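Enquirer: One file is attached below, protein_34.pdb, containing PDB, C-alpha atoms.
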MODEL        1
ATOM      1  CA  MET A 825      -2.487   3.606  17.006
ATOM      2  CA  SER A 826      -5.851   1.848  16.936
ATOM      3  CA  ALA A 827      -6.180  -1.658  15.508
ATOM      4  CA  SER A 828      -8.170  -0.285  12.584
ATOM      5  CA  ALA A 829      -5.544   2.367  11.778
ATOM      6  CA  LEU A 830      -2.723  -0.164  12.036
ATOM      7  CA  LEU A 831      -4.552  -2.489   9.664
ATOM      8  CA  GLN A 832      -4.969   0.273   7.086
ATOM      9  CA  THR A 833      -1.280   1.121   7.382
ATOM     10  CA  LEU A 834      -0.358  -2.514   6.827
ATOM     11  CA  ILE A 835      -2.619  -2.800   3.789
ATOM     12  CA  ARG A 836      -0.755   0.134   2.229
ATOM     13  CA  GLU A 837       2.794  -0.652   3.311
ATOM     14  CA  HIS A 838       3.159  -4.417   3.906
ATOM     15  CA  ASP A 839       5.230  -4.967   0.757
ATOM     16  CA  ASN A 840       7.871  -2.445   1.821
ATOM     17  CA  ASP A 841       9.389  -4.610   4.579
ATOM     18  CA  ALA A 842       7.963  -8.088   5.112
ATOM     19  CA  HIS A 843       9.676  -8.636   8.471
ATOM     20  CA  ALA A 844       8.426  -5.331   9.857
ATOM     21  CA  ALA A 845       4.955  -6.156   8.527
ATOM     22  CA  ALA A 846       5.108  -9.551  10.262
ATOM     23  CA  ALA A 847       5.902  -7.858  13.571
ATOM     24  CA  SER A 848       2.960  -5.499  13.109
ATOM     25  CA  LEU A 849       0.695  -8.432  12.253
ATOM     26  CA  ARG A 850       1.625 -10.118  15.526
ATOM     27  CA  GLN A 851       0.750  -6.927  17.376
ATOM     28  CA  LEU A 852      -2.499  -6.603  15.458
ATOM     29  CA  ALA A 853      -3.550 -10.211  16.020
ATOM     30  CA  ALA A 854      -3.399  -9.585  19.768
ATOM     31  CA  THR A 855      -5.928  -6.737  19.455
ATOM     32  CA  ALA A 856      -8.030  -8.239  16.648
ATOM     33  CA  ALA A 857     -11.184  -8.200  18.802
ATOM     34  CA  GLU A 858     -11.403  -4.474  17.998
ATOM     35  CA  LEU A 859     -11.890  -5.191  14.283
ATOM     36  CA  ASP A 860     -15.152  -5.859  12.464
ATOM     37  CA  ALA A 861     -15.773  -8.900  10.243
ATOM     38  CA  GLU A 862     -14.585  -7.240   7.028
ATOM     39  CA  GLN A 863     -11.409  -5.998   8.699
ATOM     40  CA  LEU A 864     -10.749  -9.446  10.158
ATOM     41  CA  ALA A 865     -11.030 -10.924   6.680
ATOM     42  CA  SER A 866      -8.424  -8.447   5.438
ATOM     43  CA  LEU A 867      -6.180  -9.211   8.401
ATOM     44  CA  SER A 868      -6.430 -12.955   7.841
ATOM     45  CA  TRP A 869      -5.484 -12.492   4.179
ATOM     46  CA  LEU A 870      -2.507 -10.302   5.115
ATOM     47  CA  ILE A 871      -1.277 -12.933   7.564
ATOM     48  CA  ASN A 872      -1.190 -15.531   4.786
ATOM     49  CA  HIS A 873       0.324 -13.136   2.258
ATOM     50  CA  VAL A 874       3.122 -11.818   4.472
ATOM     51  CA  LEU A 875       3.999 -14.736   6.739
ATOM     52  CA  GLY A 876       3.076 -17.615   4.457
ATOM     53  CA  GLU A 877       3.548 -16.428   0.889
ATOM     54  CA  THR A 878       6.376 -13.920   1.327
ATOM     55  CA  LEU A 879       8.322 -15.303   4.305
ATOM     56  CA  GLY A 880       7.427 -18.965   3.789
ATOM     57  CA  ASP A 881       6.506 -19.465   7.449
ATOM     58  CA  TRP A 882       3.112 -21.143   7.328
ATOM     59  CA  LEU A 883       3.415 -22.406  10.908
ATOM     60  CA  ALA A 884       3.662 -18.800  12.081
ATOM     61  CA  ALA A 885       0.800 -17.821   9.787
ATOM     62  CA  TRP A 886      -1.410 -20.539  11.274
ATOM     63  CA  GLY A 887      -0.382 -19.513  14.787
ATOM     64  CA  LEU A 888      -1.647 -15.983  14.165
ATOM     65  CA  GLN A 889      -4.792 -17.193  12.400
ATOM     66  CA  ARG A 890      -5.680 -19.191  15.501
ATOM     67  CA  GLN A 891      -5.587 -15.999  17.572
ATOM     68  CA  LEU A 892      -8.310 -14.292  15.532
ATOM     69  CA  PRO A 893     -11.821 -14.035  16.989
ATOM     70  CA  SER A 894     -13.892 -17.084  16.051
ATOM     71  CA  ALA A 895     -17.362 -16.258  17.383
ATOM     72  CA  ALA A 896     -18.818 -15.254  14.013
ATOM     73  CA  PRO A 897     -16.098 -15.461  11.337
ATOM     74  CA  SER A 898     -16.850 -14.394   7.788
ATOM     75  CA  ALA A 899     -16.533 -16.813   4.899
ATOM     76  CA  LYS A 900     -13.338 -15.086   3.781
ATOM     77  CA  GLN A 901     -11.777 -15.411   7.217
ATOM     78  CA  LEU A 902     -12.684 -19.117   7.326
ATOM     79  CA  ARG A 903     -11.152 -19.653   3.897
ATOM     80  CA  ASN A 904      -7.947 -17.861   4.810
ATOM     81  CA  GLN A 905      -7.651 -19.772   8.069
ATOM     82  CA  ALA A 906      -8.225 -23.053   6.220
ATOM     83  CA  VAL A 907      -5.424 -22.189   3.791
ATOM     84  CA  ALA A 908      -3.001 -21.492   6.630
ATOM     85  CA  ALA A 909      -3.994 -24.613   8.527
ATOM     86  CA  GLY A 910      -3.556 -26.783   5.458
ATOM     87  CA  GLU A 911      -0.161 -25.362   4.542
ATOM     88  CA  ALA A 912       1.006 -25.653   8.162
ATOM     89  CA  GLY A 913       0.099 -29.332   8.216
ATOM     90  CA  ALA A 914      -2.801 -28.916  10.648
ATOM     91  CA  ASP A 915      -4.959 -31.221   8.549
ATOM     92  CA  GLN A 916      -7.741 -31.857  11.064
ATOM     93  CA  GLU A 917      -8.250 -28.137  11.669
ATOM     94  CA  ALA A 918      -8.112 -27.463   7.934
ATOM     95  CA  ARG A 919     -10.862 -30.013   7.302
ATOM     96  CA  GLU A 920     -13.033 -28.550  10.047
ATOM     97  CA  LEU A 921     -12.569 -25.025   8.694
ATOM     98  CA  GLY A 922     -13.482 -26.318   5.252
ATOM     99  CA  ARG A 923     -16.701 -27.766   6.651
ATOM    100  CA  CYS A 924     -17.442 -24.459   8.364
ATOM    101  CA  LEU A 925     -16.854 -22.617   5.091
ATOM    102  CA  ALA A 926     -19.280 -24.895   3.249
ATOM    103  CA  VAL A 927     -21.920 -24.170   5.906
ATOM    104  CA  ALA A 928     -21.239 -20.419   5.856
ATOM    105  CA  LEU A 929     -21.621 -20.285   2.074
ATOM    106  CA  ALA A 930     -24.386 -22.911   1.934
ATOM    107  CA  VAL A 931     -22.499 -24.778  -0.774
ATOM    108  CA  PRO A 932     -21.507 -28.441  -1.162
ATOM    109  CA  PRO A 933     -18.226 -29.304   0.600
ATOM    110  CA  PRO A 934     -16.348 -29.792  -2.721
ATOM    111  CA  ALA A 935     -17.079 -26.164  -3.692
ATOM    112  CA  ALA A 936     -15.672 -24.934  -0.383
ATOM    113  CA  GLU A 937     -12.630 -27.193  -0.763
ATOM    114  CA  LEU A 938     -12.048 -25.789  -4.244
ATOM    115  CA  ALA A 939     -12.253 -22.223  -2.946
ATOM    116  CA  ILE A 940      -9.602 -23.090  -0.373
ATOM    117  CA  ALA A 941      -7.386 -24.835  -2.948
ATOM    118  CA  LEU A 942      -7.485 -21.890  -5.370
ATOM    119  CA  ALA A 943      -6.774 -19.434  -2.555
ATOM    120  CA  ALA A 944      -3.819 -21.574  -1.492
ATOM    121  CA  LEU A 945      -2.484 -21.657  -5.043
ATOM    122  CA  GLN A 946      -2.699 -17.873  -5.191
ATOM    123  CA  HIS A 947      -0.269 -17.724  -2.252
ATOM    124  CA  LEU A 948       1.942 -20.643  -3.315
ATOM    125  CA  ALA A 949       2.348 -20.000  -7.044
ATOM    126  CA  PRO A 950       4.912 -17.157  -6.739
ATOM    127  CA  SER A 951       7.398 -19.509  -5.073
ATOM    128  CA  LEU A 952       6.723 -22.491  -7.337
ATOM    129  CA  ALA A 953       8.603 -23.314 -10.515
ATOM    130  CA  SER A 954       6.529 -22.501 -13.566
ATOM    131  CA  GLY A 955       5.813 -26.121 -14.417
ATOM    132  CA  ALA A 956       4.667 -26.914 -10.883
ATOM    133  CA  ALA A 957       2.396 -23.887 -10.743
ATOM    134  CA  TYR A 958       0.747 -24.783 -14.032
ATOM    135  CA  GLN A 959       0.404 -28.420 -12.987
ATOM    136  CA  ARG A 960      -1.562 -27.408  -9.903
ATOM    137  CA  LEU A 961      -3.684 -25.037 -11.944
ATOM    138  CA  ARG A 962      -4.500 -27.727 -14.524
ATOM    139  CA  VAL A 963      -5.727 -30.012 -11.730
ATOM    140  CA  LEU A 964      -8.092 -27.336 -10.410
ATOM    141  CA  LEU A 965      -9.520 -26.080 -13.704
ATOM    142  CA  PRO A 966     -11.792 -29.068 -14.481
ATOM    143  CA  MET A 967     -13.103 -28.962 -10.920
ATOM    144  CA  THR A 968     -13.826 -25.250 -11.319
ATOM    145  CA  ALA A 969     -15.601 -25.797 -14.616
ATOM    146  CA  ALA A 970     -17.787 -28.506 -13.059
ATOM    147  CA  THR A 971     -18.826 -26.415 -10.044
ATOM    148  CA  GLU A 972     -22.483 -25.410 -10.101
ATOM    149  CA  ALA A 973     -23.475 -21.792  -9.583
ATOM    150  CA  GLY A 974     -23.515 -20.845  -5.930
ATOM    151  CA  ALA A 975     -22.307 -18.529  -3.209
ATOM    152  CA  ALA A 976     -18.682 -19.600  -3.724
ATOM    153  CA  ASP A 977     -18.584 -18.181  -7.266
ATOM    154  CA  ALA A 978     -17.131 -14.770  -6.391
ATOM    155  CA  MET A 979     -14.507 -16.375  -4.158
ATOM    156  CA  LEU A 980     -13.533 -18.799  -6.929
ATOM    157  CA  ALA A 981     -13.458 -16.067  -9.565
ATOM    158  CA  ALA A 982     -11.267 -13.728  -7.512
ATOM    159  CA  ALA A 983      -8.746 -16.399  -6.559
ATOM    160  CA  LEU A 984      -8.541 -17.787 -10.092
ATOM    161  CA  SER A 985      -8.088 -14.289 -11.538
ATOM    162  CA  ASN A 986      -5.272 -13.587  -9.086
ATOM    163  CA  VAL A 987      -3.530 -16.870  -9.894
ATOM    164  CA  LEU A 988      -3.660 -16.101 -13.609
ATOM    165  CA  SER A 989      -2.487 -12.519 -13.123
ATOM    166  CA  GLY A 990       0.552 -13.800 -11.274
ATOM    167  CA  LEU A 991       1.360 -16.343 -13.982
ATOM    168  CA  LEU A 992       1.101 -13.622 -16.636
ATOM    169  CA  GLU A 993       4.051 -11.855 -15.012
ATOM    170  CA  ARG A 994       6.322 -14.749 -16.006
ATOM    171  CA  ASP A 995       8.014 -15.356 -19.341
ATOM    172  CA  LEU A 996       5.228 -16.593 -21.619
ATOM    173  CA  SER A 997       7.522 -17.259 -24.574
ATOM    174  CA  VAL A 998       8.618 -20.575 -23.054
ATOM    175  CA  LEU A 999       5.168 -21.965 -22.251
ATOM    176  CA  ALA A1000       4.293 -25.502 -23.227
ATOM    177  CA  ALA A1001       1.091 -25.957 -25.212
ATOM    178  CA  ASP A1002      -0.842 -27.342 -22.242
ATOM    179  CA  GLU A1003       0.272 -24.383 -20.107
ATOM    180  CA  ALA A1004      -0.983 -21.915 -22.713
ATOM    181  CA  ASP A1005      -4.245 -23.861 -22.803
ATOM    182  CA  ALA A1006      -4.503 -23.523 -19.030
ATOM    183  CA  LEU A1007      -4.180 -19.742 -19.273
ATOM    184  CA  ARG A1008      -6.906 -19.569 -21.930
ATOM    185  CA  GLU A1009      -9.222 -21.910 -20.051
ATOM    186  CA  GLY A1010      -8.605 -20.186 -16.738
ATOM    187  CA  ALA A1011      -9.362 -16.723 -18.129
ATOM    188  CA  ALA A1012     -12.552 -18.004 -19.763
ATOM    189  CA  LEU A1013     -13.643 -19.667 -16.509
ATOM    190  CA  ALA A1014     -12.946 -16.528 -14.494
ATOM    191  CA  ARG A1015     -15.148 -14.532 -16.854
ATOM    192  CA  GLN A1016     -17.923 -17.131 -16.616
ATOM    193  CA  LEU A1017     -17.763 -17.088 -12.829
ATOM    194  CA  TRP A1018     -17.896 -13.296 -12.720
ATOM    195  CA  ALA A1019     -20.858 -13.373 -15.097
ATOM    196  CA  ARG A1020     -22.633 -15.463 -12.449
ATOM    197  CA  ALA A1021     -21.442 -13.632  -9.364
ATOM    198  CA  GLY A1022     -20.280 -10.135 -10.241
ATOM    199  CA  GLY A1023     -21.547  -6.878 -11.633
ATOM    200  CA  TRP A1024     -20.501  -5.141 -14.807
ATOM    201  CA  LEU A1025     -17.242  -3.925 -13.242
ATOM    202  CA  GLN A1026     -16.051  -7.449 -12.476
ATOM    203  CA  GLN A1027     -17.123  -8.587 -15.932
ATOM    204  CA  GLU A1028     -15.200  -5.727 -17.525
ATOM    205  CA  ARG A1029     -12.106  -6.690 -15.553
ATOM    206  CA  ALA A1030     -12.564 -10.293 -16.660
ATOM    207  CA  CYS A1031     -12.452  -9.028 -20.254
ATOM    208  CA  TYR A1032      -9.222  -7.224 -19.389
ATOM    209  CA  LEU A1033      -7.767 -10.468 -18.058
ATOM    210  CA  GLN A1034      -8.716 -12.244 -21.260
ATOM    211  CA  ALA A1035      -7.097  -9.456 -23.286
ATOM    212  CA  LEU A1036      -3.928  -9.803 -21.197
ATOM    213  CA  VAL A1037      -3.858 -13.556 -21.769
ATOM    214  CA  ALA A1038      -4.484 -13.240 -25.496
ATOM    215  CA  ASN A1039      -1.799 -10.591 -25.942
ATOM    216  CA  GLY A1040       0.590 -12.645 -23.829
ATOM    217  CA  LEU A1041      -0.003 -15.623 -26.098
ATOM    218  CA  ARG A1042       0.357 -13.444 -29.222
ATOM    219  CA  GLU A1043      -3.276 -13.978 -30.197
ATOM    220  CA  TRP A1044      -3.738 -10.424 -31.384
ATOM    221  CA  GLU A1045      -7.244 -10.576 -32.834
ATOM    222  CA  ALA A1046      -8.638 -12.224 -29.710
ATOM    223  CA  ALA A1047      -6.903  -9.576 -27.577
ATOM    224  CA  ARG A1048      -8.387  -6.796 -29.687
ATOM    225  CA  ILE A1049     -11.878  -8.258 -29.295
ATOM    226  CA  TRP A1050     -11.606  -8.699 -25.527
ATOM    227  CA  ALA A1051     -10.222  -5.207 -25.042
ATOM    228  CA  TRP A1052     -13.123  -3.755 -27.022
ATOM    229  CA  GLN A1053     -15.639  -5.798 -25.036
ATOM    230  CA  GLY A1054     -14.261  -4.389 -21.803
ATOM    231  CA  LEU A1055     -14.319  -0.855 -23.191
ATOM    232  CA  ASP A1056     -17.895  -1.337 -24.380
ATOM    233  CA  LEU A1057     -18.954  -2.384 -20.877
ATOM    234  CA  ILE A1058     -17.451   0.808 -19.454
ATOM    235  CA  ALA A1059     -19.136   2.926 -22.127
ATOM    236  CA  THR A1060     -22.475   1.271 -21.398
ATOM    237  CA  HIS A1061     -22.446   1.289 -17.616
ATOM    238  CA  GLY A1062     -20.385   4.201 -16.374
ATOM    239  CA  GLU A1063     -17.048   5.912 -15.955
ATOM    240  CA  GLU A1064     -14.007   3.866 -14.893
ATOM    241  CA  ALA A1065     -11.006   5.842 -16.078
ATOM    242  CA  VAL A1066      -8.276   3.618 -14.625
ATOM    243  CA  ASP A1067      -9.631   0.399 -16.088
ATOM    244  CA  GLN A1068     -10.317   2.154 -19.370
ATOM    245  CA  ALA A1069      -6.729   3.372 -19.648
ATOM    246  CA  PHE A1070      -5.287  -0.094 -19.106
ATOM    247  CA  LEU A1071      -7.748  -1.724 -21.503
ATOM    248  CA  LEU A1072      -6.685   0.844 -24.088
ATOM    249  CA  LEU A1073      -3.061  -0.194 -23.615
ATOM    250  CA  GLU A1074      -3.975  -3.789 -24.462
ATOM    251  CA  LEU A1075      -5.860  -2.491 -27.477
ATOM    252  CA  VAL A1076      -2.749  -0.548 -28.534
ATOM    253  CA  LYS A1077      -0.672  -3.716 -28.415
ATOM    254  CA  ALA A1078      -3.185  -5.831 -30.293
ATOM    255  CA  CYS A1079      -3.906  -3.268 -32.986
ATOM    256  CA  GLY A1080      -0.225  -2.526 -33.438
ATOM    257  CA  ARG A1081       0.599  -6.186 -34.036
ATOM    258  CA  LEU A1082      -2.347  -6.422 -36.454
ATOM    259  CA  GLU A1083      -0.934  -3.398 -38.284
ATOM    260  CA  GLN A1084      -4.083  -1.405 -37.540
ATOM    261  CA  HIS A1085      -1.916   1.611 -36.930
ATOM    262  CA  GLU A1086      -4.581   4.317 -36.897
ATOM    263  CA  ALA A1087      -6.624   2.449 -34.284
ATOM    264  CA  ALA A1088      -3.477   1.891 -32.227
ATOM    265  CA  GLU A1089      -2.562   5.584 -32.336
ATOM    266  CA  GLN A1090      -6.072   6.624 -31.318
ATOM    267  CA  ALA A1091      -6.119   4.182 -28.412
ATOM    268  CA  TRP A1092      -2.651   5.312 -27.364
ATOM    269  CA  ALA A1093      -3.605   8.975 -27.317
ATOM    270  CA  GLN A1094      -6.786   8.289 -25.353
ATOM    271  CA  ALA A1095      -4.940   6.145 -22.812
ATOM    272  CA  ARG A1096      -2.352   8.876 -22.264
ATOM    273  CA  ARG A1097      -5.077  11.497 -21.732
ATOM    274  CA  LEU A1098      -6.761   9.351 -19.108
ATOM    275  CA  ALA A1099      -3.495   8.548 -17.335
ATOM    276  CA  ALA A1100      -2.554  12.215 -17.163
ATOM    277  CA  ALA A1101      -5.391  12.673 -14.668
ATOM    278  CA  PHE A1102      -4.248   9.872 -12.336
ATOM    279  CA  GLU A1103      -3.531  11.270  -8.888
ATOM    280  CA  ASP A1104      -1.927   8.214  -7.300
ATOM    281  CA  ALA A1105       1.852   8.121  -7.854
ATOM    282  CA  GLU A1106       2.086   4.324  -7.775
ATOM    283  CA  LEU A1107      -0.748   4.029 -10.289
ATOM    284  CA  LYS A1108       0.983   6.500 -12.578
ATOM    285  CA  ALA A1109       4.227   4.515 -12.332
ATOM    286  CA  TRP A1110       2.417   1.257 -13.096
ATOM    287  CA  PHE A1111       0.782   2.814 -16.143
ATOM    288  CA  GLU A1112       4.088   4.190 -17.387
ATOM    289  CA  GLN A1113       5.734   0.789 -16.944
ATOM    290  CA  ARG A1114       2.999  -0.898 -18.989
ATOM    291  CA  ALA A1115       2.941   1.884 -21.552
ATOM    292  CA  ALA A1116       6.697   1.796 -22.126
ATOM    293  CA  ALA A1117       6.422  -1.712 -23.502
ATOM    294  CA  LEU A1118       3.351  -1.011 -25.615
ATOM    295  CA  ALA A1119       3.977   2.345 -27.239
ATOM    296  CA  PRO A1120       3.133   2.181 -30.963
ATOM    297  CA  ALA A1121       6.062   2.460 -33.329
TER     298      ALA A1121
ENDMDL
END
Turn this file's structure into structure tokens for me.

Expert:
Amino acid sequence: MSASALLQTLIREHDNDAHAAAASLRQLAATAAELDAEQLASLSWLINHVLGETLGDWLAAWGLQRQLPSAAPSAKQLRNQAVAAGEAGADQEARELGRCLAVALAVPPPAAELAIALAALQHLAPSLASGAAYQRLRVLLPMTAATEAGAADAMLAAALSNVLSGLLERDLSVLAADEADALREGAALARQLWARAGGWLQQERACYLQALVANGLREWEAARIWAWQGLDLIATHGEEAVDQAFLLLELVKACGRLEQHEAAEQAWAQARRLAAAFEDAELKAWFEQRAAALAPA
């Protein structure tokens, strides 16, 4: 199997068996010279996700990162390598990679350091206690808000969105007030960053994230508004059936809690029609899992 084919297999199947994926990553790292810059970025992310995040072996993750070609690394590869170096305790290498990232993006060093810190939190948060995860997030939010527009914006927005999405999978009923504030602020910042760096699709997905946060915090009217904003972006710019179906589910929840039952029923019916056309089995299962909790009474 070629390096490219093995990488695609790993992207699809790495969550099935982390130890088997780690073995394949070691094999792939040895033949990484066959991959292009975009593929190397994906490989470097997988190394951190599987070896560092899932298996907790950051020394092994850094060992593989060091094997990757370094002649002309992409910004994403540099960021991922800096994360692994930092978590493995290779502080000097982490600092040098951070400097290289700042040069690659043509941004001030603090912006590159923030991109690395948010990417690290994305990998670390799943294994942290809730309070510790939110504490780290609260430290990074003011820094994110103060960062001027630049080439790091998309990197910051993606990492922040992923951190928040992971936190939303936890029990939100036990959040402290400052933790709820962090979710609100983080979702708003992610949307602002995507407004600077992304197209309409990223902005629509940022609206979805804000709807998820608002529904999670039982702020039904805000959730209804954000869901509609995302749906309006799709209606204005083009077809995106998957995103539309999931936005409609958030609209169902918000409208149901607001006792806007007719609107909830209409959104529910439309979401089900869209989902019926999904061809991917995992996507269908994910929709059904979300829908089961949101079906109108």

Enquirer: Translate the PyMOL selection byres ((chain A and resi 994-1003) around 9) into a concrete residue list for this structure, as an mmCIF file with C-alpha atoms, in the coordinates of the input.

Expert:
data_model
loop_
_atom_site.group_PDB
_atom_site.id
_atom_site.type_symbol
_atom_site.label_atom_id
_atom_site.label_comp_id
_atom_site.auth_asym_id
_atom_site.auth_seq_id
_atom_site.Cartn_x
_atom_site.Cartn_y
_atom_site.Cartn_z
ATOM 1 C CA SER A 954 6.529 -22.501 -13.566
ATOM 2 C CA GLY A 955 5.813 -26.121 -14.417
ATOM 3 C CA TYR A 958 0.747 -24.783 -14.032
ATOM 4 C CA GLN A 959 0.404 -28.420 -12.987
ATOM 5 C CA ARG A 962 -4.500 -27.727 -14.524
ATOM 6 C CA GLY A 990 0.552 -13.800 -11.274
ATOM 7 C CA LEU A 991 1.360 -16.343 -13.982
ATOM 8 C CA LEU A 992 1.101 -13.622 -16.636
ATOM 9 C CA GLU A 993 4.051 -11.855 -15.012
ATOM 10 C CA ALA A 1004 -0.983 -21.915 -22.713
ATOM 11 C CA ASP A 1005 -4.245 -23.861 -22.803
ATOM 12 C CA ALA A 1006 -4.503 -23.523 -19.030
ATOM 13 C CA LEU A 1007 -4.180 -19.742 -19.273
ATOM 14 C CA ARG A 1008 -6.906 -19.569 -21.930
ATOM 15 C CA GLY A 1040 0.590 -12.645 -23.829
ATOM 16 C CA LEU A 1041 -0.003 -15.623 -26.098
#

Enquirer: Written as an mmCIF file with C-alpha atoms, in the frame of the given file, what is the full residue list that the PyMOL selection byres ((chain A and resi 982) around 10) yields on the file shown?

Expert:
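The file below, result_8.cif, is the result:
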data_model
loop_
_atom_site.group_PDB
_atom_site.id
_atom_site.type_symbol
_atom_site.label_atom_id
_atom_site.label_comp_id
_atom_site.auth_asym_id
_atom_site.auth_seq_id
_atom_site.Cartn_x
_atom_site.Cartn_y
_atom_site.Cartn_z
ATOM 1 C CA ALA A 939 -12.253 -22.223 -2.946
ATOM 2 C CA LEU A 942 -7.485 -21.890 -5.370
ATOM 3 C CA ALA A 943 -6.774 -19.434 -2.555
ATOM 4 C CA GLN A 946 -2.699 -17.873 -5.191
ATOM 5 C CA ASP A 977 -18.584 -18.181 -7.266
ATOM 6 C CA ALA A 978 -17.131 -14.770 -6.391
ATOM 7 C CA MET A 979 -14.507 -16.375 -4.158
ATOM 8 C CA LEU A 980 -13.533 -18.799 -6.929
ATOM 9 C CA ALA A 981 -13.458 -16.067 -9.565
ATOM 10 C CA ALA A 983 -8.746 -16.399 -6.559
ATOM 11 C CA LEU A 984 -8.541 -17.787 -10.092
ATOM 12 C CA SER A 985 -8.088 -14.289 -11.538
ATOM 13 C CA ASN A 986 -5.272 -13.587 -9.086
ATOM 14 C CA VAL A 987 -3.530 -16.870 -9.894
ATOM 15 C CA ALA A 1014 -12.946 -16.528 -14.494
ATOM 16 C CA LEU A 1017 -17.763 -17.088 -12.829
ATOM 17 C CA TRP A 1018 -17.896 -13.296 -12.720
ATOM 18 C CA GLN A 1026 -16.051 -7.449 -12.476
ATOM 19 C CA ALA A 1030 -12.564 -10.293 -16.660
#

Enquirer: Mind telling me what the PyMOL selection byres ((chain A and resi 863) around 12) catches here, as a ChimeraX atom specification?

Expert: /A:827-832,834-835,852-853,856-862,864-870,892-893,897-898,900-901

Enquirer: Between atom CA of Glu1089 of chain A and atom CA of Ala1011 of chain A, what distance in Å does the model show, to one decimal?

Expert: 27.3 Å

Enquirer: Which of these residues is nearest to Arg1081 of chain A, using all atoms listed in the file: A:Glu1045, A:Gln1094, A:Gln1113, A:Leu1107?

Expert: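 Residue with the minimum atom-to-atom distance to Arg1081 of chain A: A:Glu1045.
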
Enquirer: Could you jot down the atom CA of Gln1084 of chain A to atom CA of Ala1012 of chain A separation for me, Å, one decimal place?

Expert: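 Distance reported for this atom pair: 25.8 Å.
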
Enquirer: Using all atoms listed in the file, can you tell me which of A:Ile871, A:Leu1013, A:Ala976, A:Ala912 comes closest to Ala899 of chain A?

Expert: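 Ranked by minimum distance to Ala899 of chain A, first place goes to A:Ala976.
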
Enquirer: Skip Thr971 of chain A itself and residues of its chain fewer than 3 positions away, then list as a ChimeraX atom specification all residues within 7 Å of it, counting all atoms listed in the file.

Expert: /A:935,967-968

Enquirer: Considering all atoms listed in the file, state which residue in the set A:Gln851, A:Pro950, A:Ala846, A:Gly1080 is at the smallest distance from Met825 of chain A.

Expert: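 Result for the nearest residue to Met825 of chain A: A:Gln851.
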
Enquirer: Which is closest to Gln1027 of chain A among A:Glu1074, A:Glu1043, A:Glu972, A:Asp1056, if we use only C-alpha atoms?

Expert: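 Under the stated criterion, the closest residue is A:Asp1056.
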
Enquirer: Pick out the closest residue to His838 of chain A from this set: A:Ser894, A:His873, A:Arg850, A:Gly913. Count only C-alpha atoms.

Expert: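 Between A:Ser894, A:His873, A:Arg850, A:Gly913, the residue approaching His838 of chain A most closely is A:His873.
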
Enquirer: Which of these, A:Ala1069, A:Arg1029, A:Leu883, A:Val931, has the shortest distance to Ser989 of chain A once you count all atoms listed in the file?

Expert: A:Arg1029

Enquirer: Could you please determine the separation between atom CA of Val1066 of chain A and atom CA of Leu961 of chain A in Å, to one decimal place?

Expert: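 These two atoms are separated by 29.1 Å.
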
Enquirer: Might you pull out every residue within 10 Å of Glu937 of chain A, with only C-alpha atoms counted and same-chain residues fewer than 2 positions away left off, and present them as a PyMOL selection string?

Expert: chain A and resi 903+906-907+918-919+921-923+925-926+932-935+939-943

Enquirer: Would you save the residues from that selection as an mmCIF file, keeping the file's coordinate frame, using C-alpha atoms?

Expert:
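Just written: again-v1.cif:
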data_model
loop_
_atom_site.group_PDB
_atom_site.id
_atom_site.type_symbol
_atom_site.label_atom_id
_atom_site.label_comp_id
_atom_site.auth_asym_id
_atom_site.auth_seq_id
_atom_site.Cartn_x
_atom_site.Cartn_y
_atom_site.Cartn_z
ATOM 1 C CA ARG A 903 -11.152 -19.653 3.897
ATOM 2 C CA ALA A 906 -8.225 -23.053 6.220
ATOM 3 C CA VAL A 907 -5.424 -22.189 3.791
ATOM 4 C CA ALA A 918 -8.112 -27.463 7.934
ATOM 5 C CA ARG A 919 -10.862 -30.013 7.302
ATOM 6 C CA LEU A 921 -12.569 -25.025 8.694
ATOM 7 C CA GLY A 922 -13.482 -26.318 5.252
ATOM 8 C CA ARG A 923 -16.701 -27.766 6.651
ATOM 9 C CA LEU A 925 -16.854 -22.617 5.091
ATOM 10 C CA ALA A 926 -19.280 -24.895 3.249
ATOM 11 C CA PRO A 932 -21.507 -28.441 -1.162
ATOM 12 C CA PRO A 933 -18.226 -29.304 0.600
ATOM 13 C CA PRO A 934 -16.348 -29.792 -2.721
ATOM 14 C CA ALA A 935 -17.079 -26.164 -3.692
ATOM 15 C CA ALA A 939 -12.253 -22.223 -2.946
ATOM 16 C CA ILE A 940 -9.602 -23.090 -0.373
ATOM 17 C CA ALA A 941 -7.386 -24.835 -2.948
ATOM 18 C CA LEU A 942 -7.485 -21.890 -5.370
ATOM 19 C CA ALA A 943 -6.774 -19.434 -2.555
#

Enquirer: For segment 833-846 of chain A, what centre and edge lengths in Å (one decimal) does the axis-aligned box get once 8 Å is added on each side of all its listed atoms, as AutoDock Vina command-line options?

Expert:
--center_x 3.5 --center_y -4.2 --center_z 5.5 --size_x 28.3 --size_y 26.7 --size_z 25.5
